[in-house]
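Q: My questions will all concern the structure given below.
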Amino acid sequence: MDLIASMIDSHPSLEGDATNLRNAIVTAYECAQICTTCADSCLAEREVDALSTCIRTNLDCAEICLVTGSMLSRVGSGREEVLRGQLRTCHLALRACEEECTLHAERMNHCRICAQACRAAREALARLLEAEPSPHQAELRQAAH
């Protein structure tokens, strides 16, 4: 986190506090890693056939979180419409993964952890959108809800 924070804070296009942006980036990347490991853990379970939806949902969410973290790391302007679409997609993927993992959370600790990571990433994204000064602020906020 310290290097990500330093890098984001050093960006010449940023003015003011970048805490929400840093948190959204870090939680997106963290969630991608956790979703990937959850999918791998599901593959190691005895009932792997019953977890195929969870595995696919984990892997989709991981990829979408990676792309979202990368897009948020490119701080420059002029891409609100594309970013808005990506944030909407990320929100949907996080919600779907959280819901799917919650179904298995009582029996599998890795799914419980994954559901928590997805929730944390959705909340960090929402905080970023609520604080982000932008001409499209209201539209961006809608993408997170």
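Chain identifiers are assigned as A, B, and so on, following the order in which chains appear in the structure tokens; residues are numbered from 1 within each chain, and ligands are numbered from 1 in order of appearance.
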Name all residues at most 8 Å from A:Val26 (count only C-alpha atoms; drop same-chain ones fewer than 4 positions away) and give them as JSON, numbers by chain.

A: {"A": [1, 4, 22, 30, 69]}

Q: Save out the residues we just selected, N, CA and C atoms, as a compact mmCIF listing (two decimals), in the first residue's frame.

A:
# COMPACT_ATOMS: atom_id res chain seq x y z
N MET A 1 0.82 -1.21 0.00
CA MET A 1 0.00 0.00 0.00
C MET A 1 0.85 1.25 0.00
N ILE A 4 2.00 2.15 -3.55
CA ILE A 4 0.86 2.60 -4.35
C ILE A 4 0.46 4.00 -3.92
N ARG A 22 -6.76 5.93 -3.78
CA ARG A 22 -5.79 4.90 -3.36
C ARG A 22 -6.51 3.67 -2.81
N GLU A 30 -6.46 -6.11 -4.45
CA GLU A 30 -6.54 -7.12 -3.40
C GLU A 30 -7.69 -8.10 -3.68
N GLY A 69 -8.66 -1.66 -11.42
CA GLY A 69 -7.50 -1.09 -10.72
C GLY A 69 -6.55 -0.39 -11.67

Q: At a cut-off of 9 Å, using only C-alpha atoms, what residues contact A:Asn58? Leave out same-chain residues fewer than 6 positions from it and give the result as number ranges by chain.

A: A: 32, 34-39, 93, 97, 100-101, 114

Q: Let's see if you can do this: from backbone DSSP, list all alpha helix (DSSP H) residues in chain A, as a ChimeraX atom specification.

A: /A:2-9,19-44,52-73,80-104,109-131,137-144

Q: Which residue is closest to A:Ser13? Choose from A:Asp40, A:Leu125, A:Gly76, A:Thr89 and count only C-alpha atoms.

A: A:Gly76

Q: Using only C-alpha atoms, determine which residues lie at most 12 Å from stretch 49-52 of chain A, disregarding the query and same-chain residues fewer than 3 positions distant; provide the list as a PyMOL selection string.

A: chain A and resi 38-46+55-59+100-101+103-104+108+111

Q: Those selected residues, please, written with C-alpha atoms and delivered as a PDB file, in the first residue's frame.

A:
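Output contents, as saved in again_34.pdb:
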ATOM      1  CA  CYS A  38     -10.787 -18.506  -3.915  1.00  0.00           C
ATOM      2  CA  ALA A  39     -11.268 -20.050  -7.378  1.00  0.00           C
ATOM      3  CA  ASP A  40      -8.137 -22.124  -6.863  1.00  0.00           C
ATOM      4  CA  SER A  41      -9.356 -23.172  -3.413  1.00  0.00           C
ATOM      5  CA  CYS A  42     -12.725 -24.184  -4.885  1.00  0.00           C
ATOM      6  CA  LEU A  43     -10.858 -26.382  -7.370  1.00  0.00           C
ATOM      7  CA  ALA A  44      -9.226 -28.165  -4.437  1.00  0.00           C
ATOM      8  CA  GLU A  45     -12.564 -28.904  -2.726  1.00  0.00           C
ATOM      9  CA  ARG A  46     -14.100 -32.380  -2.854  1.00  0.00           C
ATOM     10  CA  ILE A  55     -15.155 -20.646  -9.768  1.00  0.00           C
ATOM     11  CA  ARG A  56     -16.278 -18.856 -12.920  1.00  0.00           C
ATOM     12  CA  THR A  57     -17.692 -15.952 -10.926  1.00  0.00           C
ATOM     13  CA  ASN A  58     -14.430 -15.661  -8.962  1.00  0.00           C
ATOM     14  CA  LEU A  59     -12.337 -15.624 -12.126  1.00  0.00           C
ATOM     15  CA  GLU A 100     -22.137 -16.482  -4.903  1.00  0.00           C
ATOM     16  CA  CYS A 101     -19.423 -16.815  -2.279  1.00  0.00           C
ATOM     17  CA  LEU A 103     -23.822 -19.152  -0.555  1.00  0.00           C
ATOM     18  CA  HIS A 104     -20.766 -21.259   0.365  1.00  0.00           C
ATOM     19  CA  MET A 108     -15.779 -22.828   3.111  1.00  0.00           C
ATOM     20  CA  CYS A 111     -15.552 -18.177   0.176  1.00  0.00           C
TER      21      CYS A 111
END

Q: For a test of reading the model, state the distance in Å between atom CA of A:Asn20 and atom CA of A:Thr102, rounded to one decimal.

A: 26.2 Å
